[in-house]
Amino acid sequence: MGRMNVCEMKFSKVYPMLIWKAMKKGKTREDVLCVTEWLTGYSAEQIDHSIVDTELLYGDFFRNAPHWNERADHIRGSICGVRLDTIEDPTLKRVRQLDKLVDELSKGKAMEKILR
């Protein structure tokens with residue numbers, strides 16, 4: 001069996017792992033919601049609804065974002081060993097940008113610096 005593309009996974013399975021990653025480092029669910037709202041334009045209520053929608057694909061969450069933050073291009077660095085500026089697929093780049101923000105949050109970076 002081949003490796004599954006994260007964009008084809010269920011949002012209800014992947015997003016809670018981001019929350020868990022932050023919480024095990026002492027951050028809160030609300031912190032993760034805050035960076036997600038900033039990046040995607042979704043409200044906390046819309047994100048919560050997406051978590052219980054068992055059919056929503058992770059990639060579709062990003063493709064259908066109400067307003068992608070214009071400052072997202074300022075998110076730099078690597079995540080999962082891949083430099084963000086080398087990712088060509090726009091949806092995968094958005095997925096990894098959120099991963100990077102949650103990673104920075106988990107490492108204790110100040111929210112003001114995360115939300116560039």
# chains A, B, ... in the order shown; residues from 1 in each chain; ligands from 1
call {"tool": "select_by_dssp", "arguments": {"residues": "chain A", "states": "helix (DSSP H, G or I)", "output": "PDB file with N, CA and C atoms, in the first residue's frame"}}
result
ATOM      1  N   VAL A   6      -1.491  13.809   2.194  1.00  0.00           N
ATOM      2  CA  VAL A   6      -2.179  14.450   3.320  1.00  0.00           C
ATOM      3  C   VAL A   6      -3.429  15.199   2.852  1.00  0.00           C
ATOM      4  N   CYS A   7      -3.421  15.708   1.633  1.00  0.00           N
ATOM      5  CA  CYS A   7      -4.584  16.439   1.113  1.00  0.00           C
ATOM      6  C   CYS A   7      -5.789  15.529   0.905  1.00  0.00           C
ATOM      7  N   GLU A   8      -5.551  14.234   0.806  1.00  0.00           N
ATOM      8  CA  GLU A   8      -6.638  13.275   0.596  1.00  0.00           C
ATOM      9  C   GLU A   8      -7.129  12.655   1.906  1.00  0.00           C
ATOM     10  N   PHE A  11     -10.173  15.756   7.160  1.00  0.00           N
ATOM     11  CA  PHE A  11      -9.872  16.878   8.041  1.00  0.00           C
ATOM     12  C   PHE A  11     -10.089  16.476   9.496  1.00  0.00           C
ATOM     13  N   SER A  12     -11.147  15.716   9.735  1.00  0.00           N
ATOM     14  CA  SER A  12     -11.500  15.306  11.106  1.00  0.00           C
ATOM     15  C   SER A  12     -10.437  14.416  11.746  1.00  0.00           C
ATOM     16  N   LYS A  13      -9.534  13.868  10.957  1.00  0.00           N
ATOM     17  CA  LYS A  13      -8.447  13.034  11.482  1.00  0.00           C
ATOM     18  C   LYS A  13      -7.145  13.819  11.629  1.00  0.00           C
ATOM     19  N   VAL A  14      -6.874  14.708  10.679  1.00  0.00           N
ATOM     20  CA  VAL A  14      -5.585  15.410  10.647  1.00  0.00           C
ATOM     21  C   VAL A  14      -5.552  16.615  11.584  1.00  0.00           C
ATOM     22  N   TYR A  15      -6.580  17.462  11.535  1.00  0.00           N
ATOM     23  CA  TYR A  15      -6.552  18.697  12.322  1.00  0.00           C
ATOM     24  C   TYR A  15      -6.431  18.453  13.831  1.00  0.00           C
ATOM     25  N   PRO A  16      -7.149  17.475  14.392  1.00  0.00           N
ATOM     26  CA  PRO A  16      -6.969  17.207  15.823  1.00  0.00           C
ATOM     27  C   PRO A  16      -5.518  16.836  16.190  1.00  0.00           C
ATOM     28  N   MET A  17      -4.774  16.280  15.232  1.00  0.00           N
ATOM     29  CA  MET A  17      -3.360  15.977  15.512  1.00  0.00           C
ATOM     30  C   MET A  17      -2.539  17.247  15.646  1.00  0.00           C
ATOM     31  N   LEU A  18      -2.903  18.294  14.901  1.00  0.00           N
ATOM     32  CA  LEU A  18      -2.215  19.582  15.057  1.00  0.00           C
ATOM     33  C   LEU A  18      -2.490  20.160  16.439  1.00  0.00           C
ATOM     34  N   ILE A  19      -3.742  20.043  16.867  1.00  0.00           N
ATOM     35  CA  ILE A  19      -4.108  20.533  18.200  1.00  0.00           C
ATOM     36  C   ILE A  19      -3.341  19.752  19.262  1.00  0.00           C
ATOM     37  N   TRP A  20      -3.295  18.443  19.110  1.00  0.00           N
ATOM     38  CA  TRP A  20      -2.588  17.596  20.073  1.00  0.00           C
ATOM     39  C   TRP A  20      -1.106  17.958  20.125  1.00  0.00           C
ATOM     40  N   LYS A  21      -0.501  18.195  18.962  1.00  0.00           N
ATOM     41  CA  LYS A  21       0.914  18.562  18.892  1.00  0.00           C
ATOM     42  C   LYS A  21       1.179  19.827  19.720  1.00  0.00           C
ATOM     43  N   ALA A  22       0.313  20.814  19.575  1.00  0.00           N
ATOM     44  CA  ALA A  22       0.484  22.060  20.318  1.00  0.00           C
ATOM     45  C   ALA A  22       0.212  21.865  21.809  1.00  0.00           C
ATOM     46  N   MET A  23      -0.824  21.102  22.131  1.00  0.00           N
ATOM     47  CA  MET A  23      -1.188  20.908  23.539  1.00  0.00           C
ATOM     48  C   MET A  23      -0.119  20.152  24.316  1.00  0.00           C
ATOM     49  N   ARG A  29      -5.817  24.676  22.495  1.00  0.00           N
ATOM     50  CA  ARG A  29      -6.614  24.474  21.289  1.00  0.00           C
ATOM     51  C   ARG A  29      -6.936  25.829  20.661  1.00  0.00           C
ATOM     52  N   GLU A  30      -7.212  26.813  21.512  1.00  0.00           N
ATOM     53  CA  GLU A  30      -7.536  28.158  21.043  1.00  0.00           C
ATOM     54  C   GLU A  30      -6.354  28.793  20.315  1.00  0.00           C
ATOM     55  N   ASP A  31      -5.133  28.488  20.744  1.00  0.00           N
ATOM     56  CA  ASP A  31      -3.948  28.997  20.040  1.00  0.00           C
ATOM     57  C   ASP A  31      -3.903  28.460  18.610  1.00  0.00           C
ATOM     58  N   VAL A  32      -4.193  27.180  18.455  1.00  0.00           N
ATOM     59  CA  VAL A  32      -4.195  26.564  17.123  1.00  0.00           C
ATOM     60  C   VAL A  32      -5.329  27.155  16.283  1.00  0.00           C
ATOM     61  N   LEU A  33      -6.495  27.341  16.875  1.00  0.00           N
ATOM     62  CA  LEU A  33      -7.606  27.966  16.160  1.00  0.00           C
ATOM     63  C   LEU A  33      -7.236  29.380  15.711  1.00  0.00           C
ATOM     64  N   CYS A  34      -6.537  30.105  16.563  1.00  0.00           N
ATOM     65  CA  CYS A  34      -6.136  31.473  16.250  1.00  0.00           C
ATOM     66  C   CYS A  34      -5.238  31.517  15.013  1.00  0.00           C
ATOM     67  N   VAL A  35      -4.211  30.668  14.952  1.00  0.00           N
ATOM     68  CA  VAL A  35      -3.324  30.695  13.781  1.00  0.00           C
ATOM     69  C   VAL A  35      -4.055  30.195  12.538  1.00  0.00           C
ATOM     70  N   THR A  36      -4.980  29.251  12.717  1.00  0.00           N
ATOM     71  CA  THR A  36      -5.746  28.746  11.579  1.00  0.00           C
ATOM     72  C   THR A  36      -6.685  29.829  11.044  1.00  0.00           C
ATOM     73  N   GLU A  37      -7.338  30.541  11.941  1.00  0.00           N
ATOM     74  CA  GLU A  37      -8.217  31.636  11.532  1.00  0.00           C
ATOM     75  C   GLU A  37      -7.423  32.703  10.785  1.00  0.00           C
ATOM     76  N   TRP A  38      -6.265  33.079  11.335  1.00  0.00           N
ATOM     77  CA  TRP A  38      -5.413  34.101  10.723  1.00  0.00           C
ATOM     78  C   TRP A  38      -5.010  33.700   9.304  1.00  0.00           C
ATOM     79  N   LEU A  39      -4.646  32.446   9.140  1.00  0.00           N
ATOM     80  CA  LEU A  39      -4.134  31.974   7.861  1.00  0.00           C
ATOM     81  C   LEU A  39      -5.236  31.768   6.820  1.00  0.00           C
ATOM     82  N   THR A  40      -6.375  31.219   7.227  1.00  0.00           N
ATOM     83  CA  THR A  40      -7.387  30.760   6.269  1.00  0.00           C
ATOM     84  C   THR A  40      -8.614  31.660   6.131  1.00  0.00           C
ATOM     85  N   ALA A  44     -13.660  30.364  14.085  1.00  0.00           N
ATOM     86  CA  ALA A  44     -13.507  29.220  14.986  1.00  0.00           C
ATOM     87  C   ALA A  44     -14.700  28.270  14.846  1.00  0.00           C
ATOM     88  N   GLU A  45     -15.892  28.841  14.678  1.00  0.00           N
ATOM     89  CA  GLU A  45     -17.095  28.016  14.526  1.00  0.00           C
ATOM     90  C   GLU A  45     -17.035  27.191  13.238  1.00  0.00           C
ATOM     91  N   GLN A  46     -16.552  27.788  12.152  1.00  0.00           N
ATOM     92  CA  GLN A  46     -16.431  27.065  10.887  1.00  0.00           C
ATOM     93  C   GLN A  46     -15.398  25.938  11.003  1.00  0.00           C
ATOM     94  N   ILE A  47     -14.321  26.202  11.722  1.00  0.00           N
ATOM     95  CA  ILE A  47     -13.292  25.175  11.917  1.00  0.00           C
ATOM     96  C   ILE A  47     -13.864  24.035  12.743  1.00  0.00           C
ATOM     97  N   ASP A  48     -14.567  24.372  13.816  1.00  0.00           N
ATOM     98  CA  ASP A  48     -15.201  23.337  14.652  1.00  0.00           C
ATOM     99  C   ASP A  48     -16.176  22.498  13.831  1.00  0.00           C
ATOM    100  N   HIS A  49     -16.939  23.149  12.977  1.00  0.00           N
ATOM    101  CA  HIS A  49     -17.879  22.417  12.110  1.00  0.00           C
ATOM    102  C   HIS A  49     -17.112  21.475  11.175  1.00  0.00           C
ATOM    103  N   SER A  50     -15.982  21.939  10.676  1.00  0.00           N
ATOM    104  CA  SER A  50     -15.167  21.112   9.774  1.00  0.00           C
ATOM    105  C   SER A  50     -14.620  19.882  10.484  1.00  0.00           C
ATOM    106  N   ILE A  51     -14.313  20.015  11.767  1.00  0.00           N
ATOM    107  CA  ILE A  51     -13.784  18.880  12.535  1.00  0.00           C
ATOM    108  C   ILE A  51     -14.825  17.769  12.647  1.00  0.00           C
ATOM    109  N   VAL A  52     -16.092  18.124  12.785  1.00  0.00           N
ATOM    110  CA  VAL A  52     -17.127  17.095  12.924  1.00  0.00           C
ATOM    111  C   VAL A  52     -17.667  16.607  11.580  1.00  0.00           C
ATOM    112  N   TYR A  58      -8.867  17.117   3.945  1.00  0.00           N
ATOM    113  CA  TYR A  58      -7.954  18.139   4.443  1.00  0.00           C
ATOM    114  C   TYR A  58      -7.623  19.138   3.334  1.00  0.00           C
ATOM    115  N   GLY A  59      -7.356  18.653   2.143  1.00  0.00           N
ATOM    116  CA  GLY A  59      -7.047  19.538   1.022  1.00  0.00           C
ATOM    117  C   GLY A  59      -8.206  20.455   0.673  1.00  0.00           C
ATOM    118  N   ASP A  60      -9.430  19.949   0.758  1.00  0.00           N
ATOM    119  CA  ASP A  60     -10.605  20.770   0.452  1.00  0.00           C
ATOM    120  C   ASP A  60     -10.769  21.898   1.459  1.00  0.00           C
ATOM    121  N   PHE A  61     -10.419  21.652   2.697  1.00  0.00           N
ATOM    122  CA  PHE A  61     -10.471  22.708   3.715  1.00  0.00           C
ATOM    123  C   PHE A  61      -9.619  23.893   3.267  1.00  0.00           C
ATOM    124  N   PHE A  62      -8.447  23.618   2.738  1.00  0.00           N
ATOM    125  CA  PHE A  62      -7.546  24.682   2.298  1.00  0.00           C
ATOM    126  C   PHE A  62      -7.973  25.274   0.952  1.00  0.00           C
ATOM    127  N   ARG A  63      -8.420  24.436   0.033  1.00  0.00           N
ATOM    128  CA  ARG A  63      -8.866  24.929  -1.278  1.00  0.00           C
ATOM    129  C   ARG A  63     -10.077  25.848  -1.148  1.00  0.00           C
ATOM    130  N   GLU A  70      -2.885  37.302   3.037  1.00  0.00           N
ATOM    131  CA  GLU A  70      -1.888  37.807   2.082  1.00  0.00           C
ATOM    132  C   GLU A  70      -0.468  37.773   2.636  1.00  0.00           C
ATOM    133  N   ARG A  71      -0.338  37.677   3.943  1.00  0.00           N
ATOM    134  CA  ARG A  71       0.994  37.632   4.562  1.00  0.00           C
ATOM    135  C   ARG A  71       1.534  36.207   4.675  1.00  0.00           C
ATOM    136  N   ALA A  72       0.785  35.241   4.174  1.00  0.00           N
ATOM    137  CA  ALA A  72       1.219  33.836   4.243  1.00  0.00           C
ATOM    138  C   ALA A  72       2.547  33.620   3.522  1.00  0.00           C
ATOM    139  N   ASP A  73       2.832  34.435   2.521  1.00  0.00           N
ATOM    140  CA  ASP A  73       4.100  34.295   1.802  1.00  0.00           C
ATOM    141  C   ASP A  73       5.307  34.622   2.676  1.00  0.00           C
ATOM    142  N   HIS A  74       5.063  35.235   3.815  1.00  0.00           N
ATOM    143  CA  HIS A  74       6.160  35.552   4.742  1.00  0.00           C
ATOM    144  C   HIS A  74       6.523  34.361   5.629  1.00  0.00           C
ATOM    145  N   LEU A  84       9.495  25.393   2.410  1.00  0.00           N
ATOM    146  CA  LEU A  84       8.200  25.886   1.953  1.00  0.00           C
ATOM    147  C   LEU A  84       8.288  26.546   0.579  1.00  0.00           C
ATOM    148  N   ASP A  85       9.372  27.258   0.320  1.00  0.00           N
ATOM    149  CA  ASP A  85       9.472  27.973  -0.952  1.00  0.00           C
ATOM    150  C   ASP A  85       9.725  27.062  -2.151  1.00  0.00           C
ATOM    151  N   THR A  86       9.921  25.764  -1.911  1.00  0.00           N
ATOM    152  CA  THR A  86      10.128  24.835  -3.028  1.00  0.00           C
ATOM    153  C   THR A  86       8.874  24.031  -3.365  1.00  0.00           C
ATOM    154  N   PRO A  90      -0.083  24.355  -4.890  1.00  0.00           N
ATOM    155  CA  PRO A  90      -0.603  25.407  -4.015  1.00  0.00           C
ATOM    156  C   PRO A  90      -1.339  24.887  -2.775  1.00  0.00           C
ATOM    157  N   THR A  91      -2.086  23.801  -2.916  1.00  0.00           N
ATOM    158  CA  THR A  91      -2.814  23.263  -1.758  1.00  0.00           C
ATOM    159  C   THR A  91      -1.846  22.668  -0.755  1.00  0.00           C
ATOM    160  N   LEU A  92      -0.877  21.899  -1.225  1.00  0.00           N
ATOM    161  CA  LEU A  92       0.106  21.315  -0.320  1.00  0.00           C
ATOM    162  C   LEU A  92       0.919  22.403   0.363  1.00  0.00           C
ATOM    163  N   LYS A  93       1.209  23.473  -0.348  1.00  0.00           N
ATOM    164  CA  LYS A  93       1.951  24.590   0.258  1.00  0.00           C
ATOM    165  C   LYS A  93       1.144  25.192   1.402  1.00  0.00           C
ATOM    166  N   ARG A  94      -0.162  25.342   1.207  1.00  0.00           N
ATOM    167  CA  ARG A  94      -1.019  25.889   2.268  1.00  0.00           C
ATOM    168  C   ARG A  94      -1.062  24.947   3.477  1.00  0.00           C
ATOM    169  N   VAL A  95      -1.156  23.656   3.197  1.00  0.00           N
ATOM    170  CA  VAL A  95      -1.141  22.659   4.273  1.00  0.00           C
ATOM    171  C   VAL A  95       0.141  22.813   5.090  1.00  0.00           C
ATOM    172  N   ARG A  96       1.263  22.884   4.408  1.00  0.00           N
ATOM    173  CA  ARG A  96       2.560  22.974   5.090  1.00  0.00           C
ATOM    174  C   ARG A  96       2.756  24.314   5.781  1.00  0.00           C
ATOM    175  N   GLN A  97       2.141  25.375   5.259  1.00  0.00           N
ATOM    176  CA  GLN A  97       2.224  26.665   5.946  1.00  0.00           C
ATOM    177  C   GLN A  97       1.544  26.584   7.307  1.00  0.00           C
ATOM    178  N   LEU A  98       0.390  25.955   7.366  1.00  0.00           N
ATOM    179  CA  LEU A  98      -0.273  25.787   8.662  1.00  0.00           C
ATOM    180  C   LEU A  98       0.564  24.895   9.569  1.00  0.00           C
ATOM    181  N   ASP A  99       1.130  23.826   9.023  1.00  0.00           N
ATOM    182  CA  ASP A  99       2.022  22.964   9.809  1.00  0.00           C
ATOM    183  C   ASP A  99       3.148  23.793  10.425  1.00  0.00           C
ATOM    184  N   LYS A 100       3.730  24.680   9.620  1.00  0.00           N
ATOM    185  CA  LYS A 100       4.851  25.504  10.088  1.00  0.00           C
ATOM    186  C   LYS A 100       4.406  26.428  11.216  1.00  0.00           C
ATOM    187  N   LEU A 101       3.235  27.049  11.077  1.00  0.00           N
ATOM    188  CA  LEU A 101       2.746  27.937  12.136  1.00  0.00           C
ATOM    189  C   LEU A 101       2.514  27.178  13.437  1.00  0.00           C
ATOM    190  N   VAL A 102       1.924  25.997  13.351  1.00  0.00           N
ATOM    191  CA  VAL A 102       1.686  25.193  14.556  1.00  0.00           C
ATOM    192  C   VAL A 102       3.014  24.717  15.134  1.00  0.00           C
ATOM    193  N   ASP A 103       3.980  24.406  14.293  1.00  0.00           N
ATOM    194  CA  ASP A 103       5.303  24.014  14.751  1.00  0.00           C
ATOM    195  C   ASP A 103       5.959  25.163  15.528  1.00  0.00           C
ATOM    196  N   GLU A 104       5.876  26.371  14.988  1.00  0.00           N
ATOM    197  CA  GLU A 104       6.433  27.544  15.674  1.00  0.00           C
ATOM    198  C   GLU A 104       5.716  27.784  16.997  1.00  0.00           C
ATOM    199  N   LEU A 105       4.410  27.641  17.000  1.00  0.00           N
ATOM    200  CA  LEU A 105       3.617  27.780  18.214  1.00  0.00           C
ATOM    201  C   LEU A 105       4.073  26.765  19.258  1.00  0.00           C
ATOM    202  N   SER A 106       4.249  25.518  18.832  1.00  0.00           N
ATOM    203  CA  SER A 106       4.659  24.444  19.739  1.00  0.00           C
ATOM    204  C   SER A 106       6.055  24.660  20.307  1.00  0.00           C
ATOM    205  N   MET A 111       3.170  34.651  19.747  1.00  0.00           N
ATOM    206  CA  MET A 111       2.064  34.730  18.785  1.00  0.00           C
ATOM    207  C   MET A 111       2.229  35.924  17.843  1.00  0.00           C
ATOM    208  N   GLU A 112       2.724  37.062  18.358  1.00  0.00           N
ATOM    209  CA  GLU A 112       2.914  38.232  17.518  1.00  0.00           C
ATOM    210  C   GLU A 112       3.905  37.961  16.385  1.00  0.00           C
ATOM    211  N   LYS A 113       4.901  37.131  16.653  1.00  0.00           N
ATOM    212  CA  LYS A 113       5.886  36.800  15.625  1.00  0.00           C
ATOM    213  C   LYS A 113       5.364  35.727  14.667  1.00  0.00           C
ATOM    214  N   ILE A 114       4.550  34.832  15.182  1.00  0.00           N
ATOM    215  CA  ILE A 114       3.963  33.792  14.338  1.00  0.00           C
ATOM    216  C   ILE A 114       3.019  34.415  13.326  1.00  0.00           C
TER     217      ILE A 114
END
call {"tool": "select_by_dssp", "arguments": {"residues": "segment 64-115 of chain A", "states": "strand (DSSP E)", "output": "JSON, numbers by chain"}}
result
{"A": [78, 79, 82, 83]}
call {"tool": "decode", "arguments": {"residues": "segment 49-70 of chain A", "atoms": "N, CA and C atoms", "output": "short mmCIF file (atom, residue, chain, number, x, y, z; two decimals), in the first residue's frame"}}
result
data_model
loop_
_atom_site.label_atom_id
_atom_site.label_comp_id
_atom_site.auth_asym_id
_atom_site.auth_seq_id
_atom_site.Cartn_x
_atom_site.Cartn_y
_atom_site.Cartn_z
N HIS A 49 -16.94 23.15 12.98
CA HIS A 49 -17.88 22.42 12.11
C HIS A 49 -17.11 21.48 11.17
N SER A 50 -15.98 21.94 10.68
CA SER A 50 -15.17 21.11 9.77
C SER A 50 -14.62 19.88 10.48
N ILE A 51 -14.31 20.01 11.77
CA ILE A 51 -13.78 18.88 12.54
C ILE A 51 -14.83 17.77 12.65
N VAL A 52 -16.09 18.12 12.78
CA VAL A 52 -17.13 17.09 12.92
C VAL A 52 -17.67 16.61 11.58
N ASP A 53 -17.29 17.29 10.49
CA ASP A 53 -17.69 16.85 9.15
C ASP A 53 -16.75 15.72 8.74
N THR A 54 -17.23 14.50 8.86
CA THR A 54 -16.37 13.34 8.64
C THR A 54 -16.04 13.10 7.17
N GLU A 55 -16.65 13.85 6.27
CA GLU A 55 -16.38 13.66 4.83
C GLU A 55 -15.42 14.70 4.25
N LEU A 56 -15.19 15.80 4.95
CA LEU A 56 -14.35 16.87 4.44
C LEU A 56 -12.89 16.44 4.34
N LEU A 57 -12.33 16.58 3.16
CA LEU A 57 -10.91 16.26 2.98
C LEU A 57 -10.05 17.44 3.44
N TYR A 58 -8.87 17.12 3.94
CA TYR A 58 -7.95 18.14 4.44
C TYR A 58 -7.62 19.14 3.33
N GLY A 59 -7.36 18.65 2.14
CA GLY A 59 -7.05 19.54 1.02
C GLY A 59 -8.21 20.46 0.67
N ASP A 60 -9.43 19.95 0.76
CA ASP A 60 -10.61 20.77 0.45
C ASP A 60 -10.77 21.90 1.46
N PHE A 61 -10.42 21.65 2.70
CA PHE A 61 -10.47 22.71 3.72
C PHE A 61 -9.62 23.89 3.27
N PHE A 62 -8.45 23.62 2.74
CA PHE A 62 -7.55 24.68 2.30
C PHE A 62 -7.97 25.27 0.95
N ARG A 63 -8.42 24.44 0.03
CA ARG A 63 -8.87 24.93 -1.28
C ARG A 63 -10.08 25.85 -1.15
N ASN A 64 -10.92 25.61 -0.15
CA ASN A 64 -12.15 26.38 0.03
C ASN A 64 -12.03 27.47 1.09
N ALA A 65 -10.83 27.79 1.51
CA ALA A 65 -10.64 28.81 2.55
C ALA A 65 -11.28 30.13 2.11
N PRO A 66 -12.01 30.77 3.02
CA PRO A 66 -12.70 32.01 2.67
C PRO A 66 -11.76 33.14 2.25
N HIS A 67 -10.62 33.23 2.91
CA HIS A 67 -9.68 34.32 2.60
C HIS A 67 -8.29 33.89 3.03
N TRP A 68 -7.44 33.60 2.07
CA TRP A 68 -6.08 33.21 2.41
C TRP A 68 -5.31 34.46 2.77
N ASN A 69 -4.65 34.46 3.93
CA ASN A 69 -3.96 35.65 4.40
C ASN A 69 -2.85 36.05 3.44
N GLU A 70 -2.88 37.30 3.04
CA GLU A 70 -1.89 37.81 2.08
C GLU A 70 -0.47 37.77 2.64
#
